[in-house]
Amino acid sequence: MLNIKAIIYVAAGVVVFGAAFGIGYALNTYYSPDLDPVQPINFSHKIHAGDNKIPCIYCHIYADRSRVSGVPNVQRCMGCHKIIKTDSPEIIKLTGYWERKEPIAWVKVHNLPDHVGFTHKRHIKAGLDCKLCHGDVASMSRVKRVSSLQMGWCLNCHEKREVVNGKDCWTCHQ
Amino acid sequence: MKRRDFLKYIGIGGAGTGLGYLFGKVTQSPGNKLIPYLIPPEDIIPGVGAYYATFCTECSAGCGILVKVMDGRARKIEGNPRHPVNKGKLCMRGQAGVQGLYNPDRIKAPMKRSGERGTGQFVEISWDDAVSTLAKNLTELNKKPEQLYLLTSDMRRRGHQHTVASSFMSGFGSPNIIRHDLLGPGNLEFANHASMGLSAIPHYDIENTRYLLSFGADFSSAWLSPVSYGHAYGQMRQGGNGRGKLVQVEPRMSLTGANADEWVAARPGTEGVLSLSIAYAIIEKGLSRAGDAGSWRSALGAYRPSEAAKTVDVSEERIYSLAKEFAQARPSLAISGGNLEGYENGPSCHMAVSVLNHVAGNIGIKGGVIPSPEALASAPHPMTGPKNSLSRFAADAEAGRIKTLIVSGSNPVFTAPKAAKVEDALAKIPFIASFSSYIDETTAYADIILPPHHPLEDWGDEFSEPGAGFAPATVMQPVVSPLYDTKGLGDIFIMVGKAVGGKTAARMPSAEFKDYLRGSWKEMYAKNRAMAAGAPTFDEFWIRTLSEGGWWGAESVKPRCAAVSVHAVKEHLSKSVAAEFEGDEKAYPFYLMLYPQAAMRDGSGALSPWLQEMPDPMTSVVWGSWVEINGKTAASLGISEGDVVSIESPFGKITAQAYLAPGIRPDTIAVPIGQGHRQYGRYAKDRGANPIEILPFKENPKTGQIAVNSTRVKVTKIGNGRLVKQEGAARELGRDIVKTMTPAEFERIKG
């Protein structure tokens, strides 16, 4: 005869374990993403924006006229690196991409879901400093996300700055 | 539960959470990739749309469109606000144009047949292979070039793409161009030419008319230029001149009929008789404005309302009241299309309506029929006729006179009746090449396919009729780079022509089609002084034309005035203008009316899931076929909504689901055209029924136009079913959803 009680105990244990496993997985996915992913080329913002004081918009050329700021195209990198530091191992990697005519597949650090209609253009036009959302990129040798990019975080700022229609759903979710 | 067990569960839970977290960490995707351009194109800003002007090729109306292109992809099509035909508006066909571009079943490279003919099995080959195979085949015909046939649709409005195709054929030495276009206005053009002497479709000035009497012309859905007429209709109803009246004559209530003030359900095939009896009544009451009313009175003696009333199934009083209203409203306008175009004696029906316009004095006046001036481009302007009809094609194929066939822009296996035996004809032809973007029913018979660009990737131009009272010159330019290994349609003809060599090559433009097009426009610019106004050099003019979408400046040619003489139409009206229907009335009690929907038209829309998903405006049915049956008729046959019924003509049988329509004559059933494809991609294939299959093969002997409303049918219930449609019930059923009142009540409340 089967011990019904024992079966119930084991089944309850399996259920508890399964639920807990799911919670753990979700916690990781939603609350502990990789904030500073490893990039195909070890590009340092500290050297470019920090030490050499190159303005952000020199490379992210679309920030003031499009929703996206624009990942620098490979031609732009080569514009300088045909001459500068051509023997450094990371630049040799870059030259490799250029010669193979292959774009560099960077890993996204700041990712917004499709239902968010964020646009860089408006925020730049409003006179915001890039640092406000992206942190002090000029001191980072590998870019790390510093803001949560959650809706509450957006709204806090909209409220603080008294943005017109800043709390209207349609402002961002079009 | 014991304390011990509780703690055990806590432990298990803790371990689970930890393991889940670690599992998530290990399997976490490395994040989305951000892939930059290697070298950025100059005119693209990522995330910002650019708009390019071109024109819509979904039907022959020639609406100007603006395509929003983002990151090199065509995203959205809207009307071009500056274009005179559609004035910034666009119909659902135009909106769904991008689905033709991105259709997953588009042909992506040249192909040759790998299976049996008709099965649609092909393998990809290179362009060099494809062009040399076709050229080699054509070179073998060199001694008898007339054995090459081109099967196309009514391409002549397509400007210089058509010119290149024509010079290819004439250079090769073959006069055999077959034109097949199920919904083409061939009968109307013939009738207008014979009665009024017009070579182009005139401008029907719906906008400025006060009384529109439409014989079957469903101008809100699929007649000639729906967007342009839709706009004009809005002006007629709600513009500054007060509300014009619309009367629709048709056996099945169309979308236009549903908008009309009066719906006259004349007996199918007798609309021409009704038109002539209205004309007679106008003369009889002394209301005619024509100078030659006297001679018309005797010519129309057979159409006295007292005698015609029984034939047309409209009461004598109503004919007189229509005649009185039509003659007294100034200006008034009668138009004809839809089911009239589809009768075997279509031209006579159209001429009957021309006579009515003439008698009421509506030709050549504002708000009436205004003849169009000559188009800018002097493209050859052949009428469709028996020489290039499908029956001639079938006979020639049967007799072995066709050795090679090029198919471009026509699909007769789907759009011709089974009785036309197009498939047998194709089977007799040794070599078939198709210039098609999709494997449709006709292309499935091809030995080789040379796929052209989608019109959003191609160059071209158009001088559309009826246009906007004149033919605007509109340019087609690529708005995106080609998605696949395809070539421009003009360039395919040029490539093949050059590969054939000899005279054919000599007739082909030396450069590629894009440069040929530019050169042709340069010639037009040199000839036309109005074009040069405001653009001192051709380069300036061309850049401006491309950014605006075309050129539609002042026309210098005054339209000719036209009139209908008894002499001109006598021959066509001497026989009865009532259409004949196949099938014995006892065995086949119902008239079968086929009609094109705005979304599917001749079936070309079936490849788009958006259009399949869009509810039909009159029935709200989606993704399939239906048959409209009058509620009373259905009750007498024991048919309820959604039932599967068989529709049988003397020529075949189809099955469809019943829709109980209130707006259809009890002796008529109606089936929409467009579904029932056996090929044509995943969204069209094996869906619904193709009613064209069960038609008799009747062509008008003068125009070669196939009669789609030409048979009687019987209807029997064969099973139960449920129709997929949006509405719960088409009628209010006392729910008081829309408040209504009579005009008198409204006046009382207002006062």
# chains A, B, ... in the order shown; residues from 1 in each chain; ligands from 1
$ closest_atom_pairs --of "chain A" --to "chain B" --cutoff "6 Å" --atoms "only C-alpha atoms" --output "Markdown table"
| residue | atom | partner | partner_atom | distance |
| --- | --- | --- | --- | --- |
| A:Val16 | CA | B:Gly13 | CA | 5.8 |
| A:Phe17 | CA | B:Gly16 | CA | 5.0 |
| A:Ala20 | CA | B:Thr17 | CA | 4.6 |
| A:Phe21 | CA | B:Gly20 | CA | 4.2 |
| A:Gly24 | CA | B:Thr17 | CA | 4.2 |
| A:Tyr25 | CA | B:Gly20 | CA | 4.4 |
| A:Asn28 | CA | B:Tyr21 | CA | 5.3 |
| A:Ser66 | CA | B:Gly47 | CA | 5.7 |
| A:Arg67 | CA | B:Gly47 | CA | 5.7 |
| A:Val71 | CA | B:Pro36 | CA | 5.6 |
| A:Asn73 | CA | B:Tyr37 | CA | 4.9 |
| A:Val74 | CA | B:Leu38 | CA | 4.8 |
| A:Gln75 | CA | B:Ile39 | CA | 5.4 |
| A:Pro103 | CA | B:Leu38 | CA | 5.2 |
| A:Ala105 | CA | B:Ile35 | CA | 4.8 |
| A:Trp106 | CA | B:Leu34 | CA | 5.0 |
| A:Val107 | CA | B:Lys33 | CA | 4.7 |
| A:Lys108 | CA | B:Asn32 | CA | 5.4 |
$ residues_around --residues "His123 (chain A)" --least-positions-apart "4" --cutoff "12 Å" --atoms "only C-alpha atoms" --output "list in words"
Ala63, Asp64, Arg65, Ser66, Arg67, Val68, Ser69, Phe118, Thr119, Gly127, Leu128, Asp129, Cys130, Lys131, Leu132, Cys133, Cys154, Cys157, His158, Arg161 and Val163 of chain A
$ select_by_dssp --residues "region 105-168 of chain B" --states "alpha helix (DSSP H)" --output "PyMOL selection string"
chain B and resi 127-140+159-168
$ write_last_selection --atoms "C-alpha atoms" --output "PDB file, in the first residue's frame"
ATOM      1  CA  TRP B 127      20.298  36.107 -63.870  1.00  0.00           C
ATOM      2  CA  ASP B 128      22.870  35.213 -66.522  1.00  0.00           C
ATOM      3  CA  ASP B 129      21.324  31.750 -66.878  1.00  0.00           C
ATOM      4  CA  ALA B 130      17.799  33.108 -66.950  1.00  0.00           C
ATOM      5  CA  VAL B 131      18.444  35.819 -69.520  1.00  0.00           C
ATOM      6  CA  SER B 132      20.540  33.582 -71.788  1.00  0.00           C
ATOM      7  CA  THR B 133      17.971  30.759 -71.639  1.00  0.00           C
ATOM      8  CA  LEU B 134      15.177  33.096 -72.716  1.00  0.00           C
ATOM      9  CA  ALA B 135      17.366  34.832 -75.307  1.00  0.00           C
ATOM     10  CA  LYS B 136      18.467  31.495 -76.783  1.00  0.00           C
ATOM     11  CA  ASN B 137      14.854  30.407 -77.048  1.00  0.00           C
ATOM     12  CA  LEU B 138      13.920  33.666 -78.754  1.00  0.00           C
ATOM     13  CA  THR B 139      16.835  33.473 -81.205  1.00  0.00           C
ATOM     14  CA  GLU B 140      15.459  30.126 -82.387  1.00  0.00           C
ATOM     15  CA  GLY B 159       4.005  55.047 -69.321  1.00  0.00           C
ATOM     16  CA  HIS B 160       7.507  54.205 -70.400  1.00  0.00           C
ATOM     17  CA  GLN B 161       7.643  50.729 -68.869  1.00  0.00           C
ATOM     18  CA  HIS B 162       4.998  49.913 -71.432  1.00  0.00           C
ATOM     19  CA  THR B 163       6.873  51.738 -74.199  1.00  0.00           C
ATOM     20  CA  VAL B 164       9.940  49.553 -73.616  1.00  0.00           C
ATOM     21  CA  ALA B 165       7.838  46.365 -73.637  1.00  0.00           C
ATOM     22  CA  SER B 166       6.166  47.481 -76.884  1.00  0.00           C
ATOM     23  CA  SER B 167       9.443  48.310 -78.604  1.00  0.00           C
ATOM     24  CA  PHE B 168      10.795  44.949 -77.478  1.00  0.00           C
TER      25      PHE B 168
END
$ residues_around --residues "region 236-245 of chain B" --least-positions-apart "5" --cutoff "6 Å" --atoms "only C-alpha atoms" --output "number ranges by chain"
B: 207, 210-211
$ write_last_selection --atoms "C-alpha atoms" --output "compact mmCIF listing (two decimals), in the first residue's frame"
# COMPACT_ATOMS: atom_id res chain seq x y z
CA GLU B 207 -17.81 66.93 -57.33
CA ARG B 210 -26.25 68.13 -58.15
CA TYR B 211 -27.82 64.83 -59.13
$ select_by_dssp --residues "region 37-144 of chain B" --states "strand (DSSP E)" --output "list of chain:residue names"
B:Ala50, B:Tyr51, B:Tyr52, B:Ala53, B:Thr54, B:Phe55, B:Gly64, B:Ile65, B:Leu66, B:Val67, B:Lys68, B:Val69, B:Met70, B:Arg73, B:Ala74, B:Arg75, B:Lys76, B:Ile77, B:Glu78, B:Gly79, B:Met111, B:Lys112, B:Arg113, B:Phe122, B:Val123, B:Glu124
$ residues_around --residues "His173 (chain A)" --least-positions-apart "2" --cutoff "8 Å" --atoms "only C-alpha atoms" --output "PyMOL selection string"
chain A and resi 115-117+169-171
$ write_last_selection --atoms "N, CA and C atoms" --output "mmCIF file, in the first residue's frame"
data_model
loop_
_atom_site.group_PDB
_atom_site.id
_atom_site.type_symbol
_atom_site.label_atom_id
_atom_site.label_comp_id
_atom_site.auth_asym_id
_atom_site.auth_seq_id
_atom_site.Cartn_x
_atom_site.Cartn_y
_atom_site.Cartn_z
ATOM 1 N N HIS A 115 7.660 49.363 -26.339
ATOM 2 C CA HIS A 115 6.486 50.186 -26.071
ATOM 3 C C HIS A 115 6.844 51.529 -25.426
ATOM 4 N N VAL A 116 8.136 51.794 -25.264
ATOM 5 C CA VAL A 116 8.534 53.093 -24.737
ATOM 6 C C VAL A 116 8.994 53.972 -25.893
ATOM 7 N N GLY A 117 8.328 55.107 -26.064
ATOM 8 C CA GLY A 117 8.690 55.991 -27.168
ATOM 9 C C GLY A 117 9.707 57.030 -26.731
ATOM 10 N N CYS A 169 0.242 59.416 -20.126
ATOM 11 C CA CYS A 169 0.663 58.110 -20.668
ATOM 12 C C CYS A 169 1.173 58.244 -22.105
ATOM 13 N N TRP A 170 0.414 59.082 -22.897
ATOM 14 C CA TRP A 170 0.689 59.165 -24.328
ATOM 15 C C TRP A 170 1.993 59.877 -24.641
ATOM 16 N N THR A 171 2.562 60.581 -23.655
ATOM 17 C CA THR A 171 3.830 61.244 -23.918
ATOM 18 C C THR A 171 4.908 60.222 -24.286
#
